[in-house]
Amino acid sequence: MQNKMKIAFIGGGNMANALIGGLLKNLTTAEHIHVIDLNQSSLDKLSSDFGVSTALAADARLAQMDAIILAVKPQQLREVVQGLSPYLNEQLLISIAAGIRATDMARWLGGYEKIVRTMPNTPALIGQGMTGLFALAAVSAEQKQMAEHIMQAVGATTWLDDESLLDAVTAVSGSGPAYVFYFIEAMQQAATELGLSPEQGLQLAMTTFNGAAQLALQATEPVSVLRERVTSKGGTTYAALTSMENAGVKLAIVNAVKAAAARGKELGDEFGKDSQQ
Ligand SMILES: NC(=O)C1=CN([C@@H]2O[C@H](COP(=O)(O)OP(=O)(O)OC[C@H]3O[C@@H](n4cnc5c(N)ncnc54)[C@H](O)[C@@H]3O)[C@@H](O)[C@H]2O)C=CC1
Ligand SMILES: O=C(O)[C@@H]1CCC=N1
């Protein structure tokens with residue numbers, strides 16, 4: 001069943017591209033993927049890159065799908081979801097939009113509850129993604145497995161029992177790649193200010209991030225032990241970490257991640273029951 005899975009995307013932007021790349025490598029073939037987007041040039045690129053079928057608007061083909069992935073911006077989701085009503089007959093809807101709650105999508109669809117809400121991230125582009133998933137109670141075990149297989153085509157997955165925790169996932173791993181890039185940029189800036197070339201600075205920062213992440217993934221000890229092992233008393237790392245502690249860097253990161261989670265909740269509230277009927 002899996003290699004015959006028929007999947008439509010509404011929205012053919014960054015994340016849809018990442019997911020389609022992974023699905024074609026691992027799960028299905030181009031003739032089983034259909035993409036709808038308002039932008040003809042995005043569709044032309046998708047059809048030449050991947051050989052998938054495309055359309056500017058929803059049509060009866062959606063009724064044949066096993067899953068429909070909602071990959072538009074949160075602000076466009078309500079209109080998109082409401083336009084799907086005529087084509088729904090038990091297919092699974094999978095949203096990747098930040099903030100917007102599955103319960104609100106179900107309400108916009110007059111009680112259609114075959115909905116899984118997910119939060120992937122951009123390393124999905126290279127098969128190294130991390131996706132959190134939450135299913136409404138009406139989603140069958142087979143459909144949950146289908147959602148999991150789709151997301152596992154681009155990386156690792158974890159299920160959540162409580163939808164509100166998806167805002168935490170969004171804040172940690174959904175937005176997380178941007179924090180890592182920000183840290184790399186800061187390390188590259190320091191490297192150049194210390195006399196290295198920008199290219200060397202980038203190589204040092206990126207290789208260090210990759211090596212440290214791989215080391216942490218393979219280690220049996222906690223990350224804090226790995227950190228302590230680098231930190232000789234009175235040495236260079238100690239000087240750097242003391243400077244970070246004094247500047248409140250850890251607290252700033254914790255607060256930043258919480259700000260992302262709060263924004264996710266706020267997006268959900270903006271489109272939630274209290275503000276729109
Ligand atoms: N970029 C990221 O790192 C992540 C994004 N997300 C979520 O994924 C969703 C998509 O994000 P991106 O791919 O980055 O955005 P994007 O802007 O690259 O893609 C959105 C696409 O939707 C199309 N679109 C807009 N209105 C439409 C409509 N009514 N019907 C059909 N297509 C329409 C646009 O033309 C565009 O191609 C967002 O909801 C975002 O919250 C989730 C995880 C990570
Ligand atoms: O910034 C955003 O809203 C989206 C969700 C997670 C990553 N990008």
# chains A, B, ... in the order shown; residues from 1 in each chain; ligands from 1
$ residues_near_ligand --ligand "ligand 2" --cutoff "8 Å" --atoms "only C-alpha atoms and all ligand atoms" --output "list in words"
Ala97, Ala98, Met119, Pro120, Asn121, Thr122, Thr170, Ala171, Ser173, Gly174, Ser175, Gly176 and Gly264 of chain A
$ select_by_dssp --residues "range 22-165 of chain A" --states "strand (DSSP E)" --output "NGL selection string"
:A and (33-36 or 53-55 or 67-70 or 92-95 or 115-119 or 129-135 or 155-159)
$ closest_residue --among "A:Arg229, A:Arg78, A:Lys265, A:Lys6" --to "ligand 1" --atoms "only C-alpha atoms and all ligand atoms"
A:Arg78
$ atom_distance --atom1 "CA of Leu84 in chain A" --atom2 "atom 37 (O, counted along the ligand's line) of ligand 1"
17.6 Å
$ residues_near_ligand --ligand "ligand 1" --cutoff "6 Å" --atoms "only C-alpha atoms and all ligand atoms" --output "ChimeraX atom specification"
/A:10-16,36-39,71-74,76,80,96-98,119-122,174
$ residues_around --residues "Glu142 in chain A" --least-positions-apart "2" --cutoff "12 Å" --atoms "only C-alpha atoms" --output "list of chain:residue names"
A:Met1, A:Gln2, A:Asp66, A:Ala67, A:Gln91, A:Leu92, A:Lys114, A:Ala135, A:Ala138, A:Val139, A:Ser140, A:Lys144, A:Gln145, A:Met146, A:Ala147, A:Glu148, A:His149
$ write_last_selection --atoms "N, CA and C atoms" --output "tab-separated table (two decimals), in the first residue's frame"
chain	number	residue	atom	x	y	z
A	1	MET	N	0.83	-1.21	0.00
A	1	MET	CA	0.00	0.00	0.00
A	1	MET	C	0.86	1.25	0.00
A	2	GLN	N	2.04	1.16	0.76
A	2	GLN	CA	2.79	2.40	0.90
A	2	GLN	C	3.32	2.96	-0.41
A	66	ASP	N	-4.97	9.50	-0.85
A	66	ASP	CA	-4.95	8.89	0.48
A	66	ASP	C	-4.69	9.96	1.54
A	67	ALA	N	-3.85	10.93	1.18
A	67	ALA	CA	-3.53	12.00	2.14
A	67	ALA	C	-3.40	13.32	1.39
A	91	GLN	N	-10.25	10.85	3.39
A	91	GLN	CA	-8.80	10.99	3.24
A	91	GLN	C	-8.23	11.65	4.48
A	92	LEU	N	-6.93	11.39	4.68
A	92	LEU	CA	-6.26	12.01	5.81
A	92	LEU	C	-5.76	13.40	5.42
A	114	LYS	N	-10.61	13.68	10.27
A	114	LYS	CA	-9.46	12.85	9.83
A	114	LYS	C	-8.27	13.78	9.63
A	135	ALA	N	-2.57	13.49	16.38
A	135	ALA	CA	-3.74	13.04	15.61
A	135	ALA	C	-5.02	13.28	16.40
A	138	ALA	N	-10.40	10.68	15.70
A	138	ALA	CA	-11.06	9.97	14.60
A	138	ALA	C	-10.08	9.40	13.58
A	139	VAL	N	-8.82	9.72	13.70
A	139	VAL	CA	-7.82	9.21	12.74
A	139	VAL	C	-7.56	7.74	13.04
A	140	SER	N	-7.64	6.87	12.02
A	140	SER	CA	-7.46	5.43	12.24
A	140	SER	C	-5.99	5.11	12.49
A	144	LYS	N	-2.68	6.89	10.96
A	144	LYS	CA	-1.57	7.40	11.79
A	144	LYS	C	-0.25	6.85	11.26
A	145	GLN	N	-0.29	5.58	10.89
A	145	GLN	CA	0.91	4.95	10.36
A	145	GLN	C	1.31	5.60	9.03
A	146	MET	N	0.31	5.94	8.24
A	146	MET	CA	0.58	6.60	6.95
A	146	MET	C	1.25	7.96	7.18
A	147	ALA	N	0.71	8.73	8.13
A	147	ALA	CA	1.30	10.05	8.44
A	147	ALA	C	2.75	9.87	8.91
A	148	GLU	N	2.95	8.84	9.73
A	148	GLU	CA	4.29	8.59	10.26
A	148	GLU	C	5.25	8.21	9.12
A	149	HIS	N	4.79	7.35	8.22
A	149	HIS	CA	5.64	6.96	7.10
A	149	HIS	C	5.99	8.16	6.21
$ select_by_dssp --residues "range 52-277 of chain A" --states "helix (DSSP H, G or I)" --output "PyMOL selection string"
chain A and resi 60-64+74-87+102-108+122-126+141-152+165-174+176-193+198-218+223-230+236-246+249-270
$ residues_around --residues "Gln82 in chain A" --least-positions-apart "4" --cutoff "12 Å" --atoms "only C-alpha atoms" --output "JSON, numbers by chain"
{"A": [58, 70, 76, 77, 78, 86, 87, 88, 104, 105, 106, 107, 108, 109, 110, 111, 112]}
$ write_last_selection --atoms "C-alpha atoms" --output "short mmCIF file (atom, residue, chain, number, x, y, z; two decimals), in the first residue's frame"
data_model
loop_
_atom_site.label_atom_id
_atom_site.label_comp_id
_atom_site.auth_asym_id
_atom_site.auth_seq_id
_atom_site.Cartn_x
_atom_site.Cartn_y
_atom_site.Cartn_z
CA ALA A 58 -8.41 22.11 -6.11
CA LEU A 70 -1.59 21.33 3.91
CA GLN A 76 -3.88 31.02 4.35
CA LEU A 77 -4.92 27.79 6.02
CA ARG A 78 -8.53 28.54 6.89
CA PRO A 86 -16.37 19.08 -1.60
CA TYR A 87 -13.53 16.58 -2.06
CA LEU A 88 -13.32 14.98 1.37
CA ASP A 104 -10.08 24.45 14.59
CA MET A 105 -9.48 22.86 11.18
CA ALA A 106 -12.08 20.20 12.03
CA ARG A 107 -14.52 22.95 13.02
CA TRP A 108 -13.92 24.84 9.75
CA LEU A 109 -14.75 21.59 7.95
CA GLY A 110 -18.03 21.11 9.78
CA GLY A 111 -16.68 18.31 11.99
CA TYR A 112 -14.42 16.40 9.57
#
